[in-house]
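**Student:** Structure below; questions to follow.
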Amino acid sequence: MNIKLSKPSSNLDIIAIILFGIFAFLLITNRAMLLEDNHDEHQFLASGYLLATKGLLPYRDYAYFHMPNLIFAYALIERLTTFRLLGARLFSALFGTLSVLTLSLSSYFLLKREKLRIRVGVALLAGLVLLANPIFAATSGIAFNHDLPVFLSLIGAIIFYQSKDQNRPFLAVGVSGLIFGFAIGTRLTFATFIPALIWACVIHPYAKSKFDYWKLIFALAVGGTVSMLPSIVLFAMAPRNFIFGNFIYASLNTLYRIETGYDDRMSFLLKLNYLINDIFTNNSNLLIFVALIIIILIPAWVQYREKKSWQFKSAFWAFLIIFGSIGSFLPTPAFHQYFYAPIPITLLGTIFNLIQFNNFPRIEKNTFLQFILTIIIISTLFGLKDTGIIANTFQAHKMWFPFIVHWRAEKLEFNTSAERPILTLNPFYVIEAGRDIYPELATGPFAYRVAHLVNQTERLKYKLIDSSDLVNLLSQNPPAGILIGRDPELESEMEDYAINHFYREVNFAGPFRLWVTP
């Protein structure tokens, strides 16, 4: 069954979808804007700033611990507005909203033979289930690299799946590879989708021979390679640093956690325990997991047993979710945001499988389905208890955290010179003030806290500094100010420098302390 963009049944369809999109965007935005800063946001905004203002590139010119695609978007935001954190969070909220609408529109167009009220009702419910999910609610809209690749993976999966009905599916498979390549170039853990896509080429309805599926794999690879060109170019410029930032750093971060006595969610078994005891305890997450088992995995296995081979229509979503979920377990330690990606993919696969295998069973005549839908609706309503925060939009300039950051940054701007950089492990405050940062500290606390785990030669090679290198760096380029307070266990040498060089402390809002030149 294809998603065909047929003409909506009435203008009510269009109005309902537009209003729902506005509702979703406002809810996601307000959730994100009311959250204080996340450590991960600093290096993304700092990297965009360094590219936009100085032409500096990650890996080659400074340490960076992610794939690079998002830097170019944040560099554009740096050019467009002085409210950098606000722009970055709105960017993420936009793609979170598009993921919600992707689920809704997929349901709407797949149910083209149903009555209008069924089409619109199911479409809205599909989007609301994602909006109500606690992991989605806590992750979407924050200025890091989750919302964009999740949306891209949804679109890439739909395009690949729809290629099953095409006589020459190479273009669709290639475009899917292109989109998944953009996702991987934004967040490396999305590379775990690759084995599922390769296997999907092997069991594709078009693939009647080995030559056929190799052609599909080639189309997938070409698309992926084209979209990975930014990463390939940056790798060619600084291959060792690229490998360090995307692979070796992760092991150093694990060593740092062990060194500081952190022992939770570190091993696979502890991550699994976290998934069971912390993630599945929420009804929404548990319902999605049950849907994965009953509507996706079991049908795929049953058809395999009956046909003695994997069937594309049933196995595609099963393999995509299984392999995609592996990426959730790769970062150490585990945090809730790492389990974000499988949720919308599972919901999308559930929608496709429900409709294609059952021709969407009649709700009016199916007591069991009515019972299940009642549970889903109740669970969704519990997850949407915070919809009242949309009203905060009218007081955004007073309540949204990015505005608070901007007003705080004005004080930093007033008290410091623009001629020299600000020393800090919280660079987006400095960027918001239009002041320079030290590229060596562009990752915020991440590079600084692991630098001592490598020798001085390696630190120099990988553009790292630790506390022993700090005095030498500052003697060559003294700071106009020192902003500390978020990571006191890492910032003692910075405070010592401020005191020893007679910097004076001025009042600064929040947990921070600002030292400026006398």
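All residue names refer to the structure tokens as shown: chains lettered A, B, ... in order, residues numbered from 1 in each chain, ligands numbered from 1 in order.
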Excluding same-chain residues fewer than 2 positions from A:Met399, what lies within 12 Å of it counting only C-alpha atoms, as a list in words?

**Tutor:** Asn30, Arg31, Ala32, Met33, Leu34, Leu35, Glu36, Ile389, Ile390, Ala391, Asn392, Thr393, Phe394, Gln395, Ala396, His397, Phe401, Pro402, Phe403, Ile404, Val405 and Trp407 of chain A

**Student:** Take the residues from that selection and write them out as a compact mmCIF listing (two decimals), in the first residue's frame, keeping N, CA, C and O atoms.

**Tutor:**
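What ended up in part_1.txt:
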# COMPACT_ATOMS: atom_id res chain seq x y z
N ASN A 30 7.69 25.05 23.93
CA ASN A 30 7.61 25.48 25.32
C ASN A 30 8.26 24.48 26.26
O ASN A 30 8.89 24.87 27.25
N ARG A 31 8.11 23.19 25.98
CA ARG A 31 8.82 22.20 26.80
C ARG A 31 10.33 22.47 26.79
O ARG A 31 10.99 22.45 27.83
N ALA A 32 10.85 22.69 25.58
CA ALA A 32 12.30 22.89 25.45
C ALA A 32 12.75 24.21 26.03
O ALA A 32 13.80 24.29 26.69
N MET A 33 11.97 25.26 25.81
CA MET A 33 12.40 26.60 26.23
C MET A 33 12.36 26.78 27.74
O MET A 33 12.99 27.69 28.28
N LEU A 34 11.62 25.93 28.45
CA LEU A 34 11.56 26.04 29.90
C LEU A 34 12.68 25.26 30.59
O LEU A 34 12.84 25.35 31.80
N LEU A 35 13.45 24.47 29.80
CA LEU A 35 14.56 23.71 30.36
C LEU A 35 15.82 24.57 30.41
O LEU A 35 16.08 25.35 29.50
N GLU A 36 16.58 24.40 31.48
CA GLU A 36 17.86 25.10 31.56
C GLU A 36 18.88 24.39 30.69
O GLU A 36 18.59 23.37 30.06
N ILE A 389 1.29 24.55 29.29
CA ILE A 389 2.49 25.39 29.19
C ILE A 389 2.52 26.15 27.86
O ILE A 389 3.33 27.08 27.71
N ILE A 390 1.66 25.78 26.91
CA ILE A 390 1.60 26.54 25.66
C ILE A 390 1.29 28.01 25.93
O ILE A 390 1.75 28.90 25.21
N ALA A 391 0.53 28.24 27.00
CA ALA A 391 0.19 29.63 27.36
C ALA A 391 1.43 30.45 27.68
O ALA A 391 1.42 31.69 27.59
N ASN A 392 2.53 29.78 28.02
CA ASN A 392 3.77 30.51 28.32
C ASN A 392 4.33 31.24 27.11
O ASN A 392 5.20 32.11 27.25
N THR A 393 3.86 30.85 25.92
CA THR A 393 4.31 31.52 24.70
C THR A 393 4.08 33.03 24.79
O THR A 393 4.89 33.82 24.29
N PHE A 394 2.99 33.43 25.45
CA PHE A 394 2.66 34.85 25.54
C PHE A 394 3.58 35.59 26.52
O PHE A 394 3.62 36.82 26.52
N GLN A 395 4.29 34.83 27.36
CA GLN A 395 5.25 35.42 28.29
C GLN A 395 6.66 34.92 28.00
O GLN A 395 7.50 34.82 28.90
N ALA A 396 6.91 34.61 26.73
CA ALA A 396 8.16 33.96 26.35
C ALA A 396 9.38 34.77 26.78
O ALA A 396 10.36 34.23 27.28
N HIS A 397 9.32 36.07 26.59
CA HIS A 397 10.50 36.90 26.89
C HIS A 397 10.84 36.91 28.37
O HIS A 397 11.97 37.24 28.76
N PHE A 401 14.01 30.03 28.77
CA PHE A 401 15.40 30.04 29.20
C PHE A 401 16.34 30.72 28.20
O PHE A 401 17.26 31.44 28.61
N PRO A 402 16.19 30.52 26.88
CA PRO A 402 17.10 31.23 25.95
C PRO A 402 17.05 32.75 26.08
O PRO A 402 18.07 33.42 25.88
N PHE A 403 15.87 33.30 26.43
CA PHE A 403 15.82 34.74 26.67
C PHE A 403 16.57 35.10 27.94
O PHE A 403 17.26 36.13 28.01
N ILE A 404 16.45 34.27 28.98
CA ILE A 404 17.18 34.50 30.23
C ILE A 404 18.69 34.48 29.96
O ILE A 404 19.44 35.31 30.48
N VAL A 405 19.13 33.50 29.14
CA VAL A 405 20.54 33.42 28.76
C VAL A 405 20.98 34.71 28.07
O VAL A 405 22.06 35.25 28.35
N TRP A 407 19.69 37.73 28.34
CA TRP A 407 19.77 38.88 29.26
C TRP A 407 21.01 38.74 30.16
O TRP A 407 21.66 39.73 30.48

**Student:** Would you mind listing what lies within 12 Å of A:Glu489 as a PyMOL selection string, with only C-alpha atoms counted and same-chain residues fewer than 2 positions away left out?

**Tutor:** chain A and resi 260+425+445+448-449+467+484-487+491-495

**Student:** Would you save the residues from that selection as a PDB file, in the first residue's frame, using N, CA, C and O atoms?

**Tutor:**
ATOM      1  N   THR A 260      35.802   8.869  38.252  1.00  0.00           N
ATOM      2  CA  THR A 260      35.049   9.721  39.187  1.00  0.00           C
ATOM      3  C   THR A 260      34.037   8.931  40.001  1.00  0.00           C
ATOM      4  O   THR A 260      33.208   9.528  40.705  1.00  0.00           O
ATOM      5  N   LEU A 425      33.846  27.007  30.551  1.00  0.00           N
ATOM      6  CA  LEU A 425      33.413  25.688  30.083  1.00  0.00           C
ATOM      7  C   LEU A 425      31.945  25.722  29.673  1.00  0.00           C
ATOM      8  O   LEU A 425      31.341  24.679  29.444  1.00  0.00           O
ATOM      9  N   PRO A 445      32.769  21.222  28.871  1.00  0.00           N
ATOM     10  CA  PRO A 445      33.588  20.453  29.818  1.00  0.00           C
ATOM     11  C   PRO A 445      34.145  19.149  29.254  1.00  0.00           C
ATOM     12  O   PRO A 445      35.030  18.547  29.847  1.00  0.00           O
ATOM     13  N   TYR A 448      37.979  19.013  28.193  1.00  0.00           N
ATOM     14  CA  TYR A 448      38.807  19.427  29.325  1.00  0.00           C
ATOM     15  C   TYR A 448      38.875  18.339  30.402  1.00  0.00           C
ATOM     16  O   TYR A 448      39.919  18.137  31.021  1.00  0.00           O
ATOM     17  N   ARG A 449      37.766  17.636  30.611  1.00  0.00           N
ATOM     18  CA  ARG A 449      37.749  16.664  31.708  1.00  0.00           C
ATOM     19  C   ARG A 449      38.413  15.329  31.367  1.00  0.00           C
ATOM     20  O   ARG A 449      38.698  14.545  32.253  1.00  0.00           O
ATOM     21  N   SER A 467      44.253  20.867  32.802  1.00  0.00           N
ATOM     22  CA  SER A 467      44.569  21.923  33.762  1.00  0.00           C
ATOM     23  C   SER A 467      46.050  22.292  33.749  1.00  0.00           C
ATOM     24  O   SER A 467      46.414  23.456  33.990  1.00  0.00           O
ATOM     25  N   ILE A 484      32.680  30.986  35.498  1.00  0.00           N
ATOM     26  CA  ILE A 484      32.727  29.661  36.104  1.00  0.00           C
ATOM     27  C   ILE A 484      31.488  29.450  36.973  1.00  0.00           C
ATOM     28  O   ILE A 484      30.679  30.362  37.156  1.00  0.00           O
ATOM     29  N   GLY A 485      31.353  28.213  37.497  1.00  0.00           N
ATOM     30  CA  GLY A 485      30.268  27.937  38.436  1.00  0.00           C
ATOM     31  C   GLY A 485      29.433  26.727  38.110  1.00  0.00           C
ATOM     32  O   GLY A 485      28.765  26.162  38.974  1.00  0.00           O
ATOM     33  N   ARG A 486      29.442  26.287  36.855  1.00  0.00           N
ATOM     34  CA  ARG A 486      28.617  25.148  36.439  1.00  0.00           C
ATOM     35  C   ARG A 486      29.292  23.820  36.758  1.00  0.00           C
ATOM     36  O   ARG A 486      28.629  22.839  37.034  1.00  0.00           O
ATOM     37  N   ASP A 487      30.628  23.783  36.713  1.00  0.00           N
ATOM     38  CA  ASP A 487      31.395  22.559  36.959  1.00  0.00           C
ATOM     39  C   ASP A 487      32.527  22.854  37.934  1.00  0.00           C
ATOM     40  O   ASP A 487      33.700  22.854  37.559  1.00  0.00           O
ATOM     41  N   GLU A 491      36.787  23.523  37.577  1.00  0.00           N
ATOM     42  CA  GLU A 491      37.091  24.937  37.360  1.00  0.00           C
ATOM     43  C   GLU A 491      38.020  25.554  38.413  1.00  0.00           C
ATOM     44  O   GLU A 491      38.265  26.765  38.384  1.00  0.00           O
ATOM     45  N   SER A 492      38.566  24.748  39.298  1.00  0.00           N
ATOM     46  CA  SER A 492      39.378  25.309  40.386  1.00  0.00           C
ATOM     47  C   SER A 492      40.611  26.049  39.854  1.00  0.00           C
ATOM     48  O   SER A 492      40.977  27.115  40.369  1.00  0.00           O
ATOM     49  N   GLU A 493      41.259  25.489  38.807  1.00  0.00           N
ATOM     50  CA  GLU A 493      42.438  26.156  38.247  1.00  0.00           C
ATOM     51  C   GLU A 493      42.056  27.490  37.598  1.00  0.00           C
ATOM     52  O   GLU A 493      42.852  28.445  37.612  1.00  0.00           O
ATOM     53  N   MET A 494      40.859  27.566  37.032  1.00  0.00           N
ATOM     54  CA  MET A 494      40.411  28.810  36.417  1.00  0.00           C
ATOM     55  C   MET A 494      40.192  29.878  37.483  1.00  0.00           C
ATOM     56  O   MET A 494      40.565  31.053  37.305  1.00  0.00           O
ATOM     57  N   GLU A 495      39.595  29.470  38.606  1.00  0.00           N
ATOM     58  CA  GLU A 495      39.402  30.424  39.700  1.00  0.00           C
ATOM     59  C   GLU A 495      40.738  30.852  40.291  1.00  0.00           C
ATOM     60  O   GLU A 495      40.943  32.040  40.605  1.00  0.00           O
TER      61      GLU A 495
END

**Student:** Which one of A:Met266, A:Ile372, A:Ile431, A:Leu292 sits closest to A:Thr332 if you count only C-alpha atoms?

**Tutor:**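 Ranking A:Met266, A:Ile372, A:Ile431, A:Leu292 by distance to A:Thr332, first place goes to A:Met266.
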
**Student:** As JSON, numbers by chain, which residues of stretch 187-383 of chain A does DSSP assign to alpha helix (DSSP H)?

**Tutor:** {"A": [194, 195, 196, 197, 198, 199, 200, 201, 202, 210, 211, 212, 213, 214, 215, 216, 217, 218, 219, 220, 221, 222, 223, 224, 225, 226, 227, 229, 230, 231, 232, 233, 234, 235, 236, 237, 239, 240, 241, 242, 243, 249, 250, 251, 252, 253, 254, 255, 256, 257, 258, 259, 268, 269, 270, 271, 272, 273, 274, 283, 284, 285, 286, 287, 288, 289, 290, 291, 298, 299, 300, 301, 302, 303, 304, 305, 306, 307, 312, 313, 314, 315, 316, 317, 318, 319, 320, 321, 322, 323, 324, 325, 326, 342, 343, 344, 345, 346, 347, 348, 349, 350, 351, 352, 353, 354, 355, 356, 357, 358, 367, 368, 369, 370, 371, 372, 373, 374, 375, 376, 377, 378, 379, 380, 381, 382, 383]}

**Student:** Quick one: residues within 9 Å of stretch 334-349 of chain A, only C-alpha atoms counted, chain neighbours fewer than 6 positions away excluded, as a VMD selection string?

**Tutor:** chain A and resid 99 to 100 102 to 103 106 to 107 126 129 to 130 133 135 to 136 138 to 140 146 to 147 149 to 151 153 to 154 157 to 158 190 264 to 267 270 to 271 274 to 275 278 to 279 285 288 to 289 291 to 292 295 to 296 316 to 318 320 to 322 324 to 325 327 to 328

**Student:** Expressed in Å to a single decimal, how great is the separation between atom CA of A:Glu410 and atom CA of A:Phe428?

**Tutor:**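 About the pair atom CA of A:Glu410 and atom CA of A:Phe428: they are 12.6 Å apart.
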
**Student:** Can you tell me, as a list of chain:residue names, what residues are no more than 8 Å from A:Pro68 when counting only C-alpha atoms, ignoring any on the same chain fewer than 6 positions away?

**Tutor:**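 The neighbour list is A:Pro58, A:Gly185, A:Thr186, A:Pro230, A:Ser231.
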
**Student:** At a cut-off of 10 Å, using only C-alpha atoms, what residues contact A:Trp199? Leave out same-chain residues fewer than 2 positions from it and give the result as a list in words.

**Tutor:**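 Neighbouring residues, sequence-local ones excluded: Ile194, Pro195, Ala196, Leu197, Cys201, Val202, Ile203, His204, Tyr213, Ile217, Trp310, Phe312, Ala315, Phe316, Phe319 and Leu320 of chain A.
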
**Student:** Can you spit out the residues from that selection as a short mmCIF file (atom, residue, chain, number, x, y, z; two decimals), in the first residue's frame, using C-alpha atoms?

**Tutor:**
data_model
loop_
_atom_site.label_atom_id
_atom_site.label_comp_id
_atom_site.auth_asym_id
_atom_site.auth_seq_id
_atom_site.Cartn_x
_atom_site.Cartn_y
_atom_site.Cartn_z
CA ILE A 194 22.86 0.41 7.67
CA PRO A 195 22.76 -3.42 8.14
CA ALA A 196 18.95 -3.30 8.15
CA LEU A 197 18.88 -1.31 4.91
CA CYS A 201 17.89 -4.69 -0.39
CA VAL A 202 18.49 -8.45 -0.30
CA ILE A 203 14.82 -9.31 0.45
CA HIS A 204 13.40 -6.50 -1.71
CA TYR A 213 20.06 -6.84 -4.91
CA ILE A 217 22.84 -1.94 -2.51
CA TRP A 310 11.99 -13.19 5.18
CA PHE A 312 9.92 -7.58 2.79
CA ALA A 315 10.41 -7.85 7.93
CA PHE A 316 11.42 -4.35 6.82
CA PHE A 319 14.89 -5.25 11.05
CA LEU A 320 14.99 -1.46 10.87
#

**Student:** Choose the residue, out of A:Arg60, A:His39, A:Arg84, A:Arg113, that has the smallest atom-to-atom separation from A:Val430; count only C-alpha atoms.

**Tutor:**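 Once distances to A:Val430 are computed over only C-alpha atoms, the minimum belongs to A:Arg84.
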
**Student:** Excluding A:Val173 and its own-chain neighbours fewer than 6 positions away, which residues fall within 7 Å of it when counting only C-alpha atoms? Please give them as a ChimeraX atom specification.

**Tutor:** /A:160,163,216,219-220

**Student:** Those same residues, written as a PDB file, in the first residue's frame with C-alpha atoms?

**Tutor:**
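Output file again_5.pdb follows:
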ATOM      1  CA  PHE A 160      12.646   2.905   1.043  1.00  0.00           C
ATOM      2  CA  SER A 163      10.044   1.387  -3.317  1.00  0.00           C
ATOM      3  CA  LEU A 216      19.954  -1.917  -4.995  1.00  0.00           C
ATOM      4  CA  ALA A 219      22.091   2.684  -5.287  1.00  0.00           C
ATOM      5  CA  LEU A 220      21.841   2.837  -1.487  1.00  0.00           C
TER       6      LEU A 220
END

**Student:** Within 7 Å of A:Arg187, counting only C-alpha atoms, which residues qualify if same-chain residues fewer than 3 places away don't, as a PDB file with all heavy atoms, in the first residue's frame?

**Tutor:**
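Contents of the output file out_13.pdb:
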ATOM      1  N   HIS A  66      31.370  14.797  17.800  1.00  0.00           N
ATOM      2  CA  HIS A  66      30.182  14.295  17.102  1.00  0.00           C
ATOM      3  C   HIS A  66      30.431  14.353  15.605  1.00  0.00           C
ATOM      4  O   HIS A  66      31.425  14.920  15.151  1.00  0.00           O
ATOM      5  CB  HIS A  66      28.944  15.132  17.454  1.00  0.00           C
ATOM      6  CG  HIS A  66      28.414  14.884  18.832  1.00  0.00           C
ATOM      7  ND1 HIS A  66      27.653  13.784  19.153  1.00  0.00           N
ATOM      8  CD2 HIS A  66      28.545  15.596  19.979  1.00  0.00           C
ATOM      9  CE1 HIS A  66      27.327  13.823  20.438  1.00  0.00           C
ATOM     10  NE2 HIS A  66      27.863  14.907  20.953  1.00  0.00           N
ATOM     11  N   MET A  67      29.498  13.798  14.839  1.00  0.00           N
ATOM     12  CA  MET A  67      29.532  13.991  13.398  1.00  0.00           C
ATOM     13  C   MET A  67      29.201  15.452  13.088  1.00  0.00           C
ATOM     14  O   MET A  67      28.518  16.129  13.870  1.00  0.00           O
ATOM     15  CB  MET A  67      28.562  13.031  12.717  1.00  0.00           C
ATOM     16  CG  MET A  67      28.927  11.563  12.894  1.00  0.00           C
ATOM     17  SD  MET A  67      30.488  11.111  12.095  1.00  0.00           S
ATOM     18  CE  MET A  67      29.946  10.892  10.390  1.00  0.00           C
ATOM     19  N   ASN A 145      21.852  16.916  18.785  1.00  0.00           N
ATOM     20  CA  ASN A 145      21.701  16.205  17.511  1.00  0.00           C
ATOM     21  C   ASN A 145      20.785  14.987  17.589  1.00  0.00           C
ATOM     22  O   ASN A 145      21.172  13.880  17.254  1.00  0.00           O
ATOM     23  CB  ASN A 145      23.072  15.778  16.989  1.00  0.00           C
ATOM     24  CG  ASN A 145      23.809  14.862  17.972  1.00  0.00           C
ATOM     25  OD1 ASN A 145      23.441  14.763  19.137  1.00  0.00           O
ATOM     26  ND2 ASN A 145      24.860  14.220  17.497  1.00  0.00           N
ATOM     27  N   PRO A 149      18.168  14.021  12.896  1.00  0.00           N
ATOM     28  CA  PRO A 149      18.355  12.676  12.334  1.00  0.00           C
ATOM     29  C   PRO A 149      17.147  11.764  12.528  1.00  0.00           C
ATOM     30  O   PRO A 149      16.907  10.882  11.709  1.00  0.00           O
ATOM     31  CB  PRO A 149      19.587  12.148  13.070  1.00  0.00           C
ATOM     32  CG  PRO A 149      19.682  12.957  14.303  1.00  0.00           C
ATOM     33  CD  PRO A 149      19.156  14.318  13.951  1.00  0.00           C
ATOM     34  N   ALA A 183      21.402  11.676   8.054  1.00  0.00           N
ATOM     35  CA  ALA A 183      21.153  11.367   9.471  1.00  0.00           C
ATOM     36  C   ALA A 183      22.422  10.885  10.160  1.00  0.00           C
ATOM     37  O   ALA A 183      22.752  11.324  11.274  1.00  0.00           O
ATOM     38  CB  ALA A 183      20.041  10.317   9.589  1.00  0.00           C
ATOM     39  N   ILE A 184      23.155   9.996   9.501  1.00  0.00           N
ATOM     40  CA  ILE A 184      24.402   9.467  10.082  1.00  0.00           C
ATOM     41  C   ILE A 184      25.444  10.575  10.213  1.00  0.00           C
ATOM     42  O   ILE A 184      26.190  10.630  11.188  1.00  0.00           O
ATOM     43  CB  ILE A 184      24.938   8.312   9.223  1.00  0.00           C
ATOM     44  CG1 ILE A 184      23.956   7.132   9.242  1.00  0.00           C
ATOM     45  CG2 ILE A 184      26.316   7.856   9.712  1.00  0.00           C
ATOM     46  CD1 ILE A 184      24.222   6.093   8.184  1.00  0.00           C
ATOM     47  N   PHE A 190      23.223   6.492  14.273  1.00  0.00           N
ATOM     48  CA  PHE A 190      22.255   6.120  13.246  1.00  0.00           C
ATOM     49  C   PHE A 190      22.881   5.215  12.189  1.00  0.00           C
ATOM     50  O   PHE A 190      22.178   4.684  11.333  1.00  0.00           O
ATOM     51  CB  PHE A 190      21.648   7.373  12.602  1.00  0.00           C
ATOM     52  CG  PHE A 190      20.578   8.010  13.448  1.00  0.00           C
ATOM     53  CD1 PHE A 190      20.902   8.676  14.616  1.00  0.00           C
ATOM     54  CD2 PHE A 190      19.237   7.914  13.100  1.00  0.00           C
ATOM     55  CE1 PHE A 190      19.925   9.243  15.423  1.00  0.00           C
ATOM     56  CE2 PHE A 190      18.242   8.483  13.888  1.00  0.00           C
ATOM     57  CZ  PHE A 190      18.594   9.144  15.047  1.00  0.00           C
TER      58      PHE A 190
END

**Student:** From a DSSP calculation on the backbone, collect every residue of stretch 432-492 of chain A in strand (DSSP E or B) and output the set as a list in words.

**Tutor:**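 Result set for stretch 432-492 of chain A (strand (DSSP E or B)): Ile437, Gly481, Ile482, Leu483 and Ile484 of chain A.
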